[in-house]
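Colleague: Once you've had a glance at the structure underneath, I'll fire off some questions.
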Amino acid sequence: MNCNADELKLVALDRDDIAVVSAHVQDALVRVGDILWQPREHRFVMALNRFDWMAAADAKPDHGRKPDYRRCRTALRFDRVLSCKCRDLDQSDKVTRLNLLAVEFVERDPPAGTVTLTFSGGGVIRLEVECVEAELADLGEIFAANACPNHFAADSSPA
């Protein structure tokens, strides 16, 4: 199935913009092999399966059936990246799936600062950036999600 007019494309240039990006990528599933640091280009790119929170908010059960939840194949790119550091992520296991919880930006020496990507299980990626210059863009492919992620359930494994 392909996305259409619902495709998401966001540009982030400050902390408030990053907060919006973070809301859209909360509970995105990321394969370690889909994370790419390009030091020569000062670029960090990550392909992810983003849970479509906007569609979930509009979803309603149909005659006792569960709502149709979906995920979109999406790219998250950061430019003007000076360094990339990982903690508690096994970079050698390319098929491991990570659950992205949040993206945050803290300004250190304006406009420079640190972008932190936090994953469930304690994994973290830290990007030192000259300034915030990021883009989140759906790549066209959408597919069904088994369920809506629930952080309050006893077993909150991602759908």
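Ordering of the structure tokens sets the chain letters (A, B, ...); residue numbers start at 1 within each chain; ligands are numbered from 1 in the order shown.
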Can you tell me, as a PDB file with C-alpha atoms, in the first residue's frame, what residues are no more than 7 Å from Phe44 (chain A) when counting only C-alpha atoms, ignoring any on the same chain fewer than 6 positions away?
Modeller:
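File written: selection.pdb
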ATOM      1  CA  LEU A  36      23.609   5.372   9.091  1.00  0.00           C
ATOM      2  CA  TRP A  37      26.219   7.876  10.300  1.00  0.00           C
ATOM      3  CA  GLN A  38      27.997   9.655   7.413  1.00  0.00           C
ATOM      4  CA  ARG A  77      17.756  12.914   8.658  1.00  0.00           C
ATOM      5  CA  PHE A  78      20.001  15.259  10.615  1.00  0.00           C
ATOM      6  CA  ASP A  79      22.515  17.485   8.803  1.00  0.00           C
ATOM      7  CA  VAL A  81      26.262  16.702  12.640  1.00  0.00           C
TER       8      VAL A  81
END
Colleague: Determine the nearest neighbour of Asn150 (chain A) from the options A:Lys85, A:Asp90, A:Trp53, A:His24, counting only C-alpha atoms.
Modeller: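 Using only C-alpha atoms, the shortest distance to Asn150 (chain A) belongs to A:Trp53.
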Colleague: What parts of region 11-156 of chain A does DSSP call strand (DSSP E)? I'd like the answer as a VMD selection string.
Modeller: chain A and resid 11 to 12 28 to 31 35 to 38 43 to 51 69 to 79 81 to 87 97 to 109 112 to 119 124 to 129 134 to 145
Colleague: Just list as an MDAnalysis selection string whatever in region 21-51 of chain A DSSP marks as alpha helix (DSSP H).
Modeller: chainID A and resid 21:25
Colleague: Tell me, in Å to one decimal, how far CA of Arg97 (chain A) is from CA of Ile35 (chain A).
Modeller: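 About the pair CA of Arg97 (chain A) and CA of Ile35 (chain A): they are 11.0 Å apart.
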Colleague: At a cut-off of 9 Å, using only C-alpha atoms, what residues contact Arg70 (chain A)? Leave out same-chain residues fewer than 3 positions from it and give the result as JSON, numbers by chain.
Modeller: {"A": [50, 51, 52, 53, 55, 56, 142, 143, 144, 145, 146, 147, 148]}
Colleague: Would you write out those residues with N, CA and C atoms, as a short mmCIF file (atom, residue, chain, number, x, y, z; two decimals), in the first residue's frame?
Modeller:
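Output (again_34.cif):
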data_model
loop_
_atom_site.label_atom_id
_atom_site.label_comp_id
_atom_site.auth_asym_id
_atom_site.auth_seq_id
_atom_site.Cartn_x
_atom_site.Cartn_y
_atom_site.Cartn_z
N ARG A 50 7.36 4.22 11.31
CA ARG A 50 6.71 5.17 12.21
C ARG A 50 5.26 4.76 12.45
N PHE A 51 4.86 4.67 13.73
CA PHE A 51 3.46 4.44 14.04
C PHE A 51 2.72 5.73 13.71
N ASP A 52 1.62 5.64 12.97
CA ASP A 52 0.88 6.82 12.53
C ASP A 52 -0.10 7.25 13.62
N TRP A 53 0.40 8.09 14.52
CA TRP A 53 -0.41 8.55 15.65
C TRP A 53 -1.59 9.40 15.20
N ALA A 55 -3.37 9.07 12.38
CA ALA A 55 -4.42 8.16 11.90
C ALA A 55 -5.04 7.40 13.07
N ALA A 56 -4.22 7.05 14.07
CA ALA A 56 -4.74 6.32 15.24
C ALA A 56 -5.73 7.18 16.02
N ILE A 142 3.10 2.15 3.40
CA ILE A 142 2.39 2.01 4.67
C ILE A 142 1.94 0.56 4.81
N PHE A 143 1.81 0.12 6.03
CA PHE A 143 1.36 -1.25 6.29
C PHE A 143 0.64 -1.29 7.62
N ALA A 144 -0.13 -2.33 7.82
CA ALA A 144 -0.95 -2.47 9.02
C ALA A 144 -0.07 -2.71 10.24
N ALA A 145 -0.48 -2.12 11.35
CA ALA A 145 0.15 -2.38 12.65
C ALA A 145 -0.79 -3.29 13.43
N ASN A 146 -0.23 -4.20 14.21
CA ASN A 146 -1.05 -5.15 14.96
C ASN A 146 -1.91 -4.48 16.02
N ALA A 147 -1.35 -3.44 16.64
CA ALA A 147 -2.05 -2.76 17.73
C ALA A 147 -1.46 -1.38 17.92
N CYS A 148 -2.14 -0.60 18.73
CA CYS A 148 -1.63 0.72 19.11
C CYS A 148 -0.68 0.54 20.28
#
Colleague: Tell me which of A:Ala19, A:Cys72, A:Arg80, A:Asp58 sits closest to Glu41 (chain A), counting only C-alpha atoms.
Modeller: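 Counting only C-alpha atoms, the residue closest to Glu41 (chain A) is A:Arg80.
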